[in-house]
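Here's the structure we're looking at; comments come further down.
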Amino acid sequence: MTGEVDRLSKTMSFLLRHKPESVGLHLDSEGWARLDSLLIGMQKLGVVADDEVVKRVVLGSDKRRFEISEDGVYVRAVQGHSSKLVTRDYPVVQPPCYLYHGTAYRFVDSIFKEGLQAGARHYVHLTENKGLAFDVGQRYGSSVVLRVKSHEMFLDGFVFFRAENNVWLISSVPPEYLDKI
Ligand code: HQG
């Protein structure tokens, strides 16, 4: 991402996932905000953009983080929320045999003690793509990829969701379902 697009994307993530109230932006329970209200909210943070620029960020997002409604009026982040305003109703999906979670080496002892916890976000994020998991872990330091025995968890009654951008979501993963790879 170029510097400017990256900055816009981060501001959109901040408002659409985490702190809409910081600029008085309304999100509904499925995470939708009016696009015109988002632009006003971004402006309050000193980030000036128009519809076309936001649409370019949405379409250009490598991880497909955002979505615009068919009528072009609304925009949302599809996952990654910490805002209490959002309680998305994701479809429940049967997971593949294994899913992956990238984390930092320094978190591993704690994770094998307590399991994977959602922290500030609503869910633990998992992926089918080991490379992507590695990159996610690198954001916090030296990266470690954990393998989650997702099929076994599913058989044991755990509920998995999958967001529109194929990020897998689960409330937590107990340590007995984790391996370090
Ligand atoms: C760690 C990106 C200690 C966990 C990515 C992670 C993702 C524990 C951190 C999305 C723990 C939370 C989310 C425990 C979990 N003890 N540490 N018991 N349980 N952790 O950012 O998964 O670019 O909330 O391993 O692609 O890193 O933003 O979660 O390191 O899908 O669109 O606590 O963010 O997407 O960090 O990243 P985060 P995450 P975007």
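Every chain in the structure tokens takes a letter, A first, then B, and so on in the order presented; its residues are numbered from 1, and the ligands are numbered from 1 following the presented order.
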
Go through chain A and flag each residue having an atom no more than 9 Å from ligand 1; for those, report the closest pair of atoms plus their distance in Å to one decimal, using only C-alpha atoms and all ligand atoms, ordered by chain and rising number, as JSON lines.
```
{"residue": "A:Lys10", "atom": "CA", "partner": "ligand 1", "partner_atom_place_in_ligand_line": "28 (O)", "distance": 8.3}
{"residue": "A:Ser13", "atom": "CA", "partner": "ligand 1", "partner_atom_place_in_ligand_line": "28 (O)", "distance": 7.4}
{"residue": "A:Ser61", "atom": "CA", "partner": "ligand 1", "partner_atom_place_in_ligand_line": "32 (O)", "distance": 8.9}
{"residue": "A:Asp62", "atom": "CA", "partner": "ligand 1", "partner_atom_place_in_ligand_line": "32 (O)", "distance": 9.0}
{"residue": "A:Lys63", "atom": "CA", "partner": "ligand 1", "partner_atom_place_in_ligand_line": "32 (O)", "distance": 6.3}
{"residue": "A:Arg64", "atom": "CA", "partner": "ligand 1", "partner_atom_place_in_ligand_line": "32 (O)", "distance": 8.0}
{"residue": "A:Arg65", "atom": "CA", "partner": "ligand 1", "partner_atom_place_in_ligand_line": "32 (O)", "distance": 5.6}
{"residue": "A:Phe66", "atom": "CA", "partner": "ligand 1", "partner_atom_place_in_ligand_line": "32 (O)", "distance": 8.9}
{"residue": "A:Ala77", "atom": "CA", "partner": "ligand 1", "partner_atom_place_in_ligand_line": "32 (O)", "distance": 8.8}
{"residue": "A:Gln79", "atom": "CA", "partner": "ligand 1", "partner_atom_place_in_ligand_line": "32 (O)", "distance": 7.8}
{"residue": "A:Gly80", "atom": "CA", "partner": "ligand 1", "partner_atom_place_in_ligand_line": "10 (C)", "distance": 5.9}
{"residue": "A:Ser82", "atom": "CA", "partner": "ligand 1", "partner_atom_place_in_ligand_line": "24 (O)", "distance": 8.7}
{"residue": "A:His101", "atom": "CA", "partner": "ligand 1", "partner_atom_place_in_ligand_line": "22 (O)", "distance": 6.7}
{"residue": "A:Gly102", "atom": "CA", "partner": "ligand 1", "partner_atom_place_in_ligand_line": "25 (O)", "distance": 6.3}
{"residue": "A:Thr103", "atom": "CA", "partner": "ligand 1", "partner_atom_place_in_ligand_line": "25 (O)", "distance": 4.1}
{"residue": "A:Ala104", "atom": "CA", "partner": "ligand 1", "partner_atom_place_in_ligand_line": "30 (O)", "distance": 5.9}
{"residue": "A:Arg106", "atom": "CA", "partner": "ligand 1", "partner_atom_place_in_ligand_line": "3 (C)", "distance": 8.1}
{"residue": "A:Phe107", "atom": "CA", "partner": "ligand 1", "partner_atom_place_in_ligand_line": "3 (C)", "distance": 4.5}
{"residue": "A:Val108", "atom": "CA", "partner": "ligand 1", "partner_atom_place_in_ligand_line": "3 (C)", "distance": 6.7}
{"residue": "A:Asp109", "atom": "CA", "partner": "ligand 1", "partner_atom_place_in_ligand_line": "16 (N)", "distance": 7.5}
{"residue": "A:Ser110", "atom": "CA", "partner": "ligand 1", "partner_atom_place_in_ligand_line": "16 (N)", "distance": 4.3}
{"residue": "A:Ile111", "atom": "CA", "partner": "ligand 1", "partner_atom_place_in_ligand_line": "18 (N)", "distance": 3.9}
{"residue": "A:Phe112", "atom": "CA", "partner": "ligand 1", "partner_atom_place_in_ligand_line": "18 (N)", "distance": 7.2}
{"residue": "A:Lys113", "atom": "CA", "partner": "ligand 1", "partner_atom_place_in_ligand_line": "18 (N)", "distance": 7.0}
{"residue": "A:Glu114", "atom": "CA", "partner": "ligand 1", "partner_atom_place_in_ligand_line": "18 (N)", "distance": 4.7}
{"residue": "A:Gly115", "atom": "CA", "partner": "ligand 1", "partner_atom_place_in_ligand_line": "18 (N)", "distance": 5.0}
{"residue": "A:Leu116", "atom": "CA", "partner": "ligand 1", "partner_atom_place_in_ligand_line": "19 (N)", "distance": 3.6}
{"residue": "A:Gln117", "atom": "CA", "partner": "ligand 1", "partner_atom_place_in_ligand_line": "19 (N)", "distance": 3.9}
{"residue": "A:Ala118", "atom": "CA", "partner": "ligand 1", "partner_atom_place_in_ligand_line": "15 (C)", "distance": 6.1}
{"residue": "A:Gly119", "atom": "CA", "partner": "ligand 1", "partner_atom_place_in_ligand_line": "12 (C)", "distance": 6.0}
{"residue": "A:Ala120", "atom": "CA", "partner": "ligand 1", "partner_atom_place_in_ligand_line": "24 (O)", "distance": 6.1}
{"residue": "A:Arg121", "atom": "CA", "partner": "ligand 1", "partner_atom_place_in_ligand_line": "24 (O)", "distance": 5.5}
{"residue": "A:His122", "atom": "CA", "partner": "ligand 1", "partner_atom_place_in_ligand_line": "24 (O)", "distance": 8.7}
{"residue": "A:Tyr123", "atom": "CA", "partner": "ligand 1", "partner_atom_place_in_ligand_line": "24 (O)", "distance": 8.2}
{"residue": "A:Val124", "atom": "CA", "partner": "ligand 1", "partner_atom_place_in_ligand_line": "22 (O)", "distance": 6.1}
{"residue": "A:His125", "atom": "CA", "partner": "ligand 1", "partner_atom_place_in_ligand_line": "22 (O)", "distance": 4.8}
{"residue": "A:Leu126", "atom": "CA", "partner": "ligand 1", "partner_atom_place_in_ligand_line": "31 (O)", "distance": 6.8}
{"residue": "A:Thr127", "atom": "CA", "partner": "ligand 1", "partner_atom_place_in_ligand_line": "31 (O)", "distance": 7.6}
{"residue": "A:Leu132", "atom": "CA", "partner": "ligand 1", "partner_atom_place_in_ligand_line": "26 (O)", "distance": 7.3}
{"residue": "A:Ala133", "atom": "CA", "partner": "ligand 1", "partner_atom_place_in_ligand_line": "26 (O)", "distance": 7.4}
{"residue": "A:Asp135", "atom": "CA", "partner": "ligand 1", "partner_atom_place_in_ligand_line": "26 (O)", "distance": 8.0}
{"residue": "A:Val136", "atom": "CA", "partner": "ligand 1", "partner_atom_place_in_ligand_line": "5 (C)", "distance": 5.2}
{"residue": "A:Gly137", "atom": "CA", "partner": "ligand 1", "partner_atom_place_in_ligand_line": "30 (O)", "distance": 6.1}
{"residue": "A:Gln138", "atom": "CA", "partner": "ligand 1", "partner_atom_place_in_ligand_line": "27 (O)", "distance": 8.8}
{"residue": "A:Arg139", "atom": "CA", "partner": "ligand 1", "partner_atom_place_in_ligand_line": "27 (O)", "distance": 7.4}
{"residue": "A:Tyr140", "atom": "CA", "partner": "ligand 1", "partner_atom_place_in_ligand_line": "30 (O)", "distance": 6.4}
{"residue": "A:Leu146", "atom": "CA", "partner": "ligand 1", "partner_atom_place_in_ligand_line": "25 (O)", "distance": 8.9}
{"residue": "A:Val167", "atom": "CA", "partner": "ligand 1", "partner_atom_place_in_ligand_line": "31 (O)", "distance": 6.3}
{"residue": "A:Trp168", "atom": "CA", "partner": "ligand 1", "partner_atom_place_in_ligand_line": "31 (O)", "distance": 8.4}
{"residue": "A:Leu169", "atom": "CA", "partner": "ligand 1", "partner_atom_place_in_ligand_line": "31 (O)", "distance": 9.0}
{"residue": "A:Ser172", "atom": "CA", "partner": "ligand 1", "partner_atom_place_in_ligand_line": "19 (N)", "distance": 8.1}
{"residue": "A:Val173", "atom": "CA", "partner": "ligand 1", "partner_atom_place_in_ligand_line": "19 (N)", "distance": 8.5}
{"residue": "A:Pro175", "atom": "CA", "partner": "ligand 1", "partner_atom_place_in_ligand_line": "18 (N)", "distance": 9.0}
```

Can you pull out the residues contacting Lys180 of chain A? Cut-off 8 Å, using only C-alpha atoms, and skip same-chain residues under 6 positions away; I want them as a count of residues only. 4

Apply DSSP to the structure's backbone, then extract all residues of chain A labelled alpha helix (DSSP H) and return them as a PDB file with N, CA, C and O atoms, in the first residue's frame.
```
ATOM      1  N   GLY A   3       1.810   5.117   1.058  1.00  0.00           N
ATOM      2  CA  GLY A   3       1.691   5.770   2.356  1.00  0.00           C
ATOM      3  C   GLY A   3       0.319   6.385   2.585  1.00  0.00           C
ATOM      4  O   GLY A   3      -0.281   6.212   3.639  1.00  0.00           O
ATOM      5  N   GLU A   4      -0.215   7.068   1.549  1.00  0.00           N
ATOM      6  CA  GLU A   4      -1.489   7.781   1.699  1.00  0.00           C
ATOM      7  C   GLU A   4      -2.647   6.776   1.857  1.00  0.00           C
ATOM      8  O   GLU A   4      -3.513   6.928   2.725  1.00  0.00           O
ATOM      9  N   VAL A   5      -2.646   5.738   1.023  1.00  0.00           N
ATOM     10  CA  VAL A   5      -3.710   4.726   1.101  1.00  0.00           C
ATOM     11  C   VAL A   5      -3.635   4.009   2.446  1.00  0.00           C
ATOM     12  O   VAL A   5      -4.655   3.735   3.085  1.00  0.00           O
ATOM     13  N   ASP A   6      -2.421   3.737   2.894  1.00  0.00           N
ATOM     14  CA  ASP A   6      -2.206   3.071   4.178  1.00  0.00           C
ATOM     15  C   ASP A   6      -2.783   3.919   5.324  1.00  0.00           C
ATOM     16  O   ASP A   6      -3.473   3.414   6.208  1.00  0.00           O
ATOM     17  N   ARG A   7      -2.542   5.226   5.239  1.00  0.00           N
ATOM     18  CA  ARG A   7      -3.037   6.137   6.284  1.00  0.00           C
ATOM     19  C   ARG A   7      -4.572   6.170   6.285  1.00  0.00           C
ATOM     20  O   ARG A   7      -5.219   6.114   7.323  1.00  0.00           O
ATOM     21  N   LEU A   8      -5.157   6.208   5.086  1.00  0.00           N
ATOM     22  CA  LEU A   8      -6.623   6.211   4.978  1.00  0.00           C
ATOM     23  C   LEU A   8      -7.199   4.911   5.518  1.00  0.00           C
ATOM     24  O   LEU A   8      -8.176   4.892   6.264  1.00  0.00           O
ATOM     25  N   SER A   9      -6.564   3.805   5.150  1.00  0.00           N
ATOM     26  CA  SER A   9      -7.037   2.491   5.575  1.00  0.00           C
ATOM     27  C   SER A   9      -6.981   2.360   7.102  1.00  0.00           C
ATOM     28  O   SER A   9      -7.907   1.845   7.735  1.00  0.00           O
ATOM     29  N   LYS A  10      -5.905   2.886   7.690  1.00  0.00           N
ATOM     30  CA  LYS A  10      -5.764   2.813   9.160  1.00  0.00           C
ATOM     31  C   LYS A  10      -6.823   3.684   9.842  1.00  0.00           C
ATOM     32  O   LYS A  10      -7.394   3.282  10.866  1.00  0.00           O
ATOM     33  N   THR A  11      -7.098   4.857   9.273  1.00  0.00           N
ATOM     34  CA  THR A  11      -8.132   5.727   9.856  1.00  0.00           C
ATOM     35  C   THR A  11      -9.497   5.048   9.737  1.00  0.00           C
ATOM     36  O   THR A  11     -10.307   5.075  10.675  1.00  0.00           O
ATOM     37  N   MET A  12      -9.758   4.432   8.590  1.00  0.00           N
ATOM     38  CA  MET A  12     -11.035   3.727   8.411  1.00  0.00           C
ATOM     39  C   MET A  12     -11.149   2.565   9.396  1.00  0.00           C
ATOM     40  O   MET A  12     -12.208   2.338   9.989  1.00  0.00           O
ATOM     41  N   SER A  13     -10.059   1.816   9.589  1.00  0.00           N
ATOM     42  CA  SER A  13     -10.079   0.712  10.565  1.00  0.00           C
ATOM     43  C   SER A  13     -10.365   1.249  11.967  1.00  0.00           C
ATOM     44  O   SER A  13     -11.167   0.672  12.708  1.00  0.00           O
ATOM     45  N   LEU A  35     -21.468   6.190   4.423  1.00  0.00           N
ATOM     46  CA  LEU A  35     -20.201   6.611   3.826  1.00  0.00           C
ATOM     47  C   LEU A  35     -20.003   8.125   3.990  1.00  0.00           C
ATOM     48  O   LEU A  35     -18.902   8.582   4.334  1.00  0.00           O
ATOM     49  N   ASP A  36     -21.086   8.906   3.809  1.00  0.00           N
ATOM     50  CA  ASP A  36     -20.925  10.367   3.961  1.00  0.00           C
ATOM     51  C   ASP A  36     -20.576  10.720   5.415  1.00  0.00           C
ATOM     52  O   ASP A  36     -19.765  11.614   5.669  1.00  0.00           O
ATOM     53  N   SER A  37     -21.128   9.970   6.391  1.00  0.00           N
ATOM     54  CA  SER A  37     -20.800  10.232   7.804  1.00  0.00           C
ATOM     55  C   SER A  37     -19.351   9.830   8.101  1.00  0.00           C
ATOM     56  O   SER A  37     -18.664  10.498   8.888  1.00  0.00           O
ATOM     57  N   LEU A  38     -18.897   8.740   7.470  1.00  0.00           N
ATOM     58  CA  LEU A  38     -17.498   8.332   7.662  1.00  0.00           C
ATOM     59  C   LEU A  38     -16.564   9.435   7.167  1.00  0.00           C
ATOM     60  O   LEU A  38     -15.570   9.759   7.836  1.00  0.00           O
ATOM     61  N   LEU A  39     -16.888  10.018   6.014  1.00  0.00           N
ATOM     62  CA  LEU A  39     -16.024  11.071   5.455  1.00  0.00           C
ATOM     63  C   LEU A  39     -15.948  12.270   6.404  1.00  0.00           C
ATOM     64  O   LEU A  39     -14.860  12.824   6.628  1.00  0.00           O
ATOM     65  N   ILE A  40     -17.095  12.606   7.011  1.00  0.00           N
ATOM     66  CA  ILE A  40     -17.107  13.721   7.973  1.00  0.00           C
ATOM     67  C   ILE A  40     -16.265  13.348   9.200  1.00  0.00           C
ATOM     68  O   ILE A  40     -15.474  14.138   9.701  1.00  0.00           O
ATOM     69  N   GLY A  41     -16.411  12.096   9.660  1.00  0.00           N
ATOM     70  CA  GLY A  41     -15.645  11.617  10.815  1.00  0.00           C
ATOM     71  C   GLY A  41     -14.151  11.636  10.537  1.00  0.00           C
ATOM     72  O   GLY A  41     -13.345  12.058  11.384  1.00  0.00           O
ATOM     73  N   MET A  42     -13.768  11.211   9.334  1.00  0.00           N
ATOM     74  CA  MET A  42     -12.343  11.199   8.984  1.00  0.00           C
ATOM     75  C   MET A  42     -11.798  12.626   8.961  1.00  0.00           C
ATOM     76  O   MET A  42     -10.678  12.871   9.423  1.00  0.00           O
ATOM     77  N   GLN A  43     -12.628  13.536   8.440  1.00  0.00           N
ATOM     78  CA  GLN A  43     -12.212  14.939   8.375  1.00  0.00           C
ATOM     79  C   GLN A  43     -11.946  15.495   9.775  1.00  0.00           C
ATOM     80  O   GLN A  43     -10.996  16.240   9.984  1.00  0.00           O
ATOM     81  N   LYS A  44     -12.770  15.066  10.750  1.00  0.00           N
ATOM     82  CA  LYS A  44     -12.561  15.520  12.133  1.00  0.00           C
ATOM     83  C   LYS A  44     -11.208  15.067  12.654  1.00  0.00           C
ATOM     84  O   LYS A  44     -10.654  15.645  13.587  1.00  0.00           O
ATOM     85  N   ASP A  51     -15.733  10.120  -1.618  1.00  0.00           N
ATOM     86  CA  ASP A  51     -16.295   8.777  -1.877  1.00  0.00           C
ATOM     87  C   ASP A  51     -15.365   7.925  -2.734  1.00  0.00           C
ATOM     88  O   ASP A  51     -15.156   6.754  -2.464  1.00  0.00           O
ATOM     89  N   GLU A  52     -14.852   8.575  -3.799  1.00  0.00           N
ATOM     90  CA  GLU A  52     -14.055   7.810  -4.764  1.00  0.00           C
ATOM     91  C   GLU A  52     -12.785   7.275  -4.116  1.00  0.00           C
ATOM     92  O   GLU A  52     -12.381   6.137  -4.356  1.00  0.00           O
ATOM     93  N   VAL A  53     -12.173   8.093  -3.271  1.00  0.00           N
ATOM     94  CA  VAL A  53     -10.937   7.664  -2.602  1.00  0.00           C
ATOM     95  C   VAL A  53     -11.232   6.507  -1.653  1.00  0.00           C
ATOM     96  O   VAL A  53     -10.516   5.496  -1.621  1.00  0.00           O
ATOM     97  N   VAL A  54     -12.328   6.632  -0.885  1.00  0.00           N
ATOM     98  CA  VAL A  54     -12.686   5.554   0.044  1.00  0.00           C
ATOM     99  C   VAL A  54     -12.978   4.276  -0.743  1.00  0.00           C
ATOM    100  O   VAL A  54     -12.537   3.177  -0.369  1.00  0.00           O
ATOM    101  N   LYS A  55     -13.671   4.405  -1.860  1.00  0.00           N
ATOM    102  CA  LYS A  55     -13.969   3.218  -2.679  1.00  0.00           C
ATOM    103  C   LYS A  55     -12.682   2.570  -3.177  1.00  0.00           C
ATOM    104  O   LYS A  55     -12.570   1.345  -3.222  1.00  0.00           O
ATOM    105  N   ARG A  56     -11.696   3.405  -3.518  1.00  0.00           N
ATOM    106  CA  ARG A  56     -10.409   2.852  -3.971  1.00  0.00           C
ATOM    107  C   ARG A  56      -9.724   2.095  -2.839  1.00  0.00           C
ATOM    108  O   ARG A  56      -9.140   1.042  -3.053  1.00  0.00           O
ATOM    109  N   VAL A  57      -9.812   2.630  -1.609  1.00  0.00           N
ATOM    110  CA  VAL A  57      -9.199   1.936  -0.456  1.00  0.00           C
ATOM    111  C   VAL A  57      -9.912   0.596  -0.238  1.00  0.00           C
ATOM    112  O   VAL A  57      -9.276  -0.439  -0.026  1.00  0.00           O
ATOM    113  N   VAL A  58     -11.244   0.620  -0.332  1.00  0.00           N
ATOM    114  CA  VAL A  58     -12.024  -0.609  -0.105  1.00  0.00           C
ATOM    115  C   VAL A  58     -11.643  -1.662  -1.149  1.00  0.00           C
ATOM    116  O   VAL A  58     -11.343  -2.814  -0.813  1.00  0.00           O
ATOM    117  N   LEU A  59     -11.614  -1.263  -2.417  1.00  0.00           N
ATOM    118  CA  LEU A  59     -11.332  -2.230  -3.489  1.00  0.00           C
ATOM    119  C   LEU A  59      -9.870  -2.644  -3.498  1.00  0.00           C
ATOM    120  O   LEU A  59      -9.535  -3.756  -3.883  1.00  0.00           O
ATOM    121  N   GLY A  60      -8.983  -1.743  -3.019  1.00  0.00           N
ATOM    122  CA  GLY A  60      -7.552  -2.029  -3.070  1.00  0.00           C
ATOM    123  C   GLY A  60      -7.038  -2.767  -1.853  1.00  0.00           C
ATOM    124  O   GLY A  60      -5.875  -3.147  -1.796  1.00  0.00           O
ATOM    125  N   VAL A 108       4.074 -16.716  23.349  1.00  0.00           N
ATOM    126  CA  VAL A 108       3.789 -18.146  23.214  1.00  0.00           C
ATOM    127  C   VAL A 108       3.580 -18.849  24.566  1.00  0.00           C
ATOM    128  O   VAL A 108       2.643 -19.640  24.731  1.00  0.00           O
ATOM    129  N   ASP A 109       4.416 -18.538  25.563  1.00  0.00           N
ATOM    130  CA  ASP A 109       4.271 -19.206  26.869  1.00  0.00           C
ATOM    131  C   ASP A 109       2.887 -18.942  27.442  1.00  0.00           C
ATOM    132  O   ASP A 109       2.198 -19.861  27.914  1.00  0.00           O
ATOM    133  N   SER A 110       2.487 -17.690  27.395  1.00  0.00           N
ATOM    134  CA  SER A 110       1.179 -17.313  27.924  1.00  0.00           C
ATOM    135  C   SER A 110       0.054 -18.000  27.140  1.00  0.00           C
ATOM    136  O   SER A 110      -0.925 -18.486  27.724  1.00  0.00           O
ATOM    137  N   ILE A 111       0.212 -18.083  25.815  1.00  0.00           N
ATOM    138  CA  ILE A 111      -0.833 -18.717  24.992  1.00  0.00           C
ATOM    139  C   ILE A 111      -0.958 -20.203  25.327  1.00  0.00           C
ATOM    140  O   ILE A 111      -2.065 -20.737  25.414  1.00  0.00           O
ATOM    141  N   PHE A 112       0.209 -20.880  25.561  1.00  0.00           N
ATOM    142  CA  PHE A 112       0.112 -22.307  25.887  1.00  0.00           C
ATOM    143  C   PHE A 112      -0.402 -22.537  27.317  1.00  0.00           C
ATOM    144  O   PHE A 112      -0.814 -23.631  27.656  1.00  0.00           O
ATOM    145  N   LYS A 113      -0.397 -21.495  28.127  1.00  0.00           N
ATOM    146  CA  LYS A 113      -0.991 -21.589  29.466  1.00  0.00           C
ATOM    147  C   LYS A 113      -2.496 -21.295  29.426  1.00  0.00           C
ATOM    148  O   LYS A 113      -3.317 -22.074  29.908  1.00  0.00           O
ATOM    149  N   GLU A 114      -2.845 -20.160  28.791  1.00  0.00           N
ATOM    150  CA  GLU A 114      -4.250 -19.681  28.846  1.00  0.00           C
ATOM    151  C   GLU A 114      -5.054 -19.989  27.602  1.00  0.00           C
ATOM    152  O   GLU A 114      -6.259 -19.740  27.579  1.00  0.00           O
ATOM    153  N   LYS A 130      -0.879 -20.281   6.025  1.00  0.00           N
ATOM    154  CA  LYS A 130       0.242 -20.224   6.981  1.00  0.00           C
ATOM    155  C   LYS A 130       1.120 -18.990   6.774  1.00  0.00           C
ATOM    156  O   LYS A 130       1.609 -18.401   7.727  1.00  0.00           O
ATOM    157  N   GLY A 131       1.334 -18.626   5.497  1.00  0.00           N
ATOM    158  CA  GLY A 131       2.179 -17.462   5.175  1.00  0.00           C
ATOM    159  C   GLY A 131       1.579 -16.187   5.733  1.00  0.00           C
ATOM    160  O   GLY A 131       2.283 -15.350   6.307  1.00  0.00           O
ATOM    161  N   LEU A 132       0.272 -16.078   5.579  1.00  0.00           N
ATOM    162  CA  LEU A 132      -0.424 -14.897   6.089  1.00  0.00           C
ATOM    163  C   LEU A 132      -0.322 -14.854   7.618  1.00  0.00           C
ATOM    164  O   LEU A 132      -0.084 -13.802   8.218  1.00  0.00           O
ATOM    165  N   ALA A 133      -0.483 -16.025   8.235  1.00  0.00           N
ATOM    166  CA  ALA A 133      -0.380 -16.100   9.701  1.00  0.00           C
ATOM    167  C   ALA A 133       1.007 -15.627  10.141  1.00  0.00           C
ATOM    168  O   ALA A 133       1.136 -14.866  11.109  1.00  0.00           O
ATOM    169  N   PHE A 134       2.036 -16.040   9.413  1.00  0.00           N
ATOM    170  CA  PHE A 134       3.401 -15.630   9.753  1.00  0.00           C
ATOM    171  C   PHE A 134       3.513 -14.100   9.712  1.00  0.00           C
ATOM    172  O   PHE A 134       4.054 -13.474  10.627  1.00  0.00           O
ATOM    173  N   ASP A 135       2.961 -13.504   8.649  1.00  0.00           N
ATOM    174  CA  ASP A 135       3.029 -12.042   8.502  1.00  0.00           C
ATOM    175  C   ASP A 135       2.280 -11.332   9.633  1.00  0.00           C
ATOM    176  O   ASP A 135       2.731 -10.305  10.132  1.00  0.00           O
ATOM    177  N   VAL A 136       1.141 -11.877  10.037  1.00  0.00           N
ATOM    178  CA  VAL A 136       0.357 -11.269  11.127  1.00  0.00           C
ATOM    179  C   VAL A 136       1.185 -11.284  12.417  1.00  0.00           C
ATOM    180  O   VAL A 136       1.254 -10.294  13.143  1.00  0.00           O
ATOM    181  N   GLY A 137       1.864 -12.409  12.690  1.00  0.00           N
ATOM    182  CA  GLY A 137       2.682 -12.539  13.901  1.00  0.00           C
ATOM    183  C   GLY A 137       3.819 -11.533  13.923  1.00  0.00           C
ATOM    184  O   GLY A 137       4.183 -11.018  14.989  1.00  0.00           O
ATOM    185  N   GLN A 138       4.347 -11.242  12.751  1.00  0.00           N
ATOM    186  CA  GLN A 138       5.495 -10.330  12.653  1.00  0.00           C
ATOM    187  C   GLN A 138       5.173  -8.904  13.079  1.00  0.00           C
ATOM    188  O   GLN A 138       6.078  -8.132  13.363  1.00  0.00           O
ATOM    189  N   SER A 150      -8.668 -27.390  14.293  1.00  0.00           N
ATOM    190  CA  SER A 150     -10.011 -26.816  14.196  1.00  0.00           C
ATOM    191  C   SER A 150     -11.092 -27.877  13.987  1.00  0.00           C
ATOM    192  O   SER A 150     -12.201 -27.740  14.521  1.00  0.00           O
ATOM    193  N   HIS A 151     -10.772 -28.924  13.245  1.00  0.00           N
ATOM    194  CA  HIS A 151     -11.794 -29.958  13.042  1.00  0.00           C
ATOM    195  C   HIS A 151     -12.119 -30.651  14.368  1.00  0.00           C
ATOM    196  O   HIS A 151     -13.281 -30.891  14.691  1.00  0.00           O
ATOM    197  N   GLU A 152     -11.046 -30.933  15.127  1.00  0.00           N
ATOM    198  CA  GLU A 152     -11.242 -31.558  16.441  1.00  0.00           C
ATOM    199  C   GLU A 152     -12.081 -30.644  17.352  1.00  0.00           C
ATOM    200  O   GLU A 152     -12.979 -31.115  18.061  1.00  0.00           O
ATOM    201  N   MET A 153     -11.812 -29.362  17.301  1.00  0.00           N
ATOM    202  CA  MET A 153     -12.599 -28.397  18.105  1.00  0.00           C
ATOM    203  C   MET A 153     -14.060 -28.418  17.668  1.00  0.00           C
ATOM    204  O   MET A 153     -14.970 -28.394  18.497  1.00  0.00           O
ATOM    205  N   PHE A 154     -14.255 -28.460  16.350  1.00  0.00           N
ATOM    206  CA  PHE A 154     -15.622 -28.472  15.810  1.00  0.00           C
ATOM    207  C   PHE A 154     -16.369 -29.717  16.326  1.00  0.00           C
ATOM    208  O   PHE A 154     -17.510 -29.621  16.787  1.00  0.00           O
ATOM    209  N   LEU A 155     -15.679 -30.870  16.284  1.00  0.00           N
ATOM    210  CA  LEU A 155     -16.312 -32.105  16.771  1.00  0.00           C
ATOM    211  C   LEU A 155     -16.618 -32.005  18.263  1.00  0.00           C
ATOM    212  O   LEU A 155     -17.574 -32.607  18.751  1.00  0.00           O
TER     213      LEU A 155
END
```

All strand (DSSP E or B) residues (DSSP, backbone) inside chain A, as a short mmCIF file (atom, residue, chain, number, x, y, z; two decimals) with C-alpha atoms, in the first residue's frame:
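Result file is selection24.cif:
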```cif
data_model
loop_
_atom_site.label_atom_id
_atom_site.label_comp_id
_atom_site.auth_asym_id
_atom_site.auth_seq_id
_atom_site.Cartn_x
_atom_site.Cartn_y
_atom_site.Cartn_z
CA ALA A 33 -21.78 3.34 8.78
CA ARG A 34 -23.04 5.87 6.24
CA PHE A 66 -13.97 -3.32 4.10
CA GLU A 67 -17.20 -3.60 2.19
CA ILE A 68 -19.49 -1.02 0.53
CA TYR A 74 -22.94 2.39 3.52
CA VAL A 75 -19.47 1.08 4.34
CA ARG A 76 -18.20 -1.33 7.01
CA ALA A 77 -15.22 -3.33 8.21
CA VAL A 92 -21.53 -20.61 11.43
CA LEU A 99 -6.36 -23.33 10.87
CA TYR A 100 -3.39 -21.10 11.71
CA HIS A 101 -2.70 -18.15 14.00
CA GLY A 102 0.40 -15.99 13.78
CA THR A 103 1.69 -14.46 16.97
CA ALA A 104 4.87 -13.11 18.52
CA LEU A 116 -5.71 -18.00 22.52
CA GLN A 117 -7.87 -15.18 23.86
CA VAL A 124 -9.55 -14.69 17.94
CA HIS A 125 -8.57 -14.45 14.25
CA LEU A 126 -7.47 -17.55 12.36
CA THR A 127 -6.54 -18.18 8.74
CA SER A 143 6.80 -14.42 14.44
CA VAL A 144 5.57 -17.88 15.43
CA VAL A 145 2.78 -19.76 13.62
CA LEU A 146 0.44 -21.84 15.79
CA ARG A 147 -1.60 -24.64 14.28
CA VAL A 148 -5.15 -24.97 15.57
CA PHE A 161 -17.49 -18.24 11.99
CA ARG A 162 -16.01 -17.06 8.72
CA TRP A 168 -11.97 -17.35 10.58
CA LEU A 169 -13.30 -16.22 13.93
CA ILE A 170 -13.72 -18.04 17.22
CA SER A 172 -11.12 -18.60 22.15
CA VAL A 173 -8.87 -21.63 21.58
CA LEU A 178 -2.66 -25.81 19.72
CA ASP A 179 0.68 -26.89 18.26
CA LYS A 180 3.70 -24.78 17.46
#
```

Pick from A:Asn166, A:Ile181, A:Thr87, A:Gly141 nearest to Asp28 of chain A, counting only C-alpha atoms: A:Thr87

Atom CA of Gly157 of chain A to atom CA of His18 of chain A measures 29.7 Å

All residues 10 Å or closer to Glu21 of chain A, only C-alpha atoms, same chain fewer than 5 positions away omitted, as an MDAnalysis selection string: chainID A and resid 15:16 26:27 41 83 85

Record the distance separating atom CA of Gly24 of chain A and atom CA of His81 of chain A, expressed in Å with one decimal. 16.8 Å

Hey, can you check how far atom CA of Gly46 of chain A sits from atom CA of Val78 of chain A? 24.2 Å
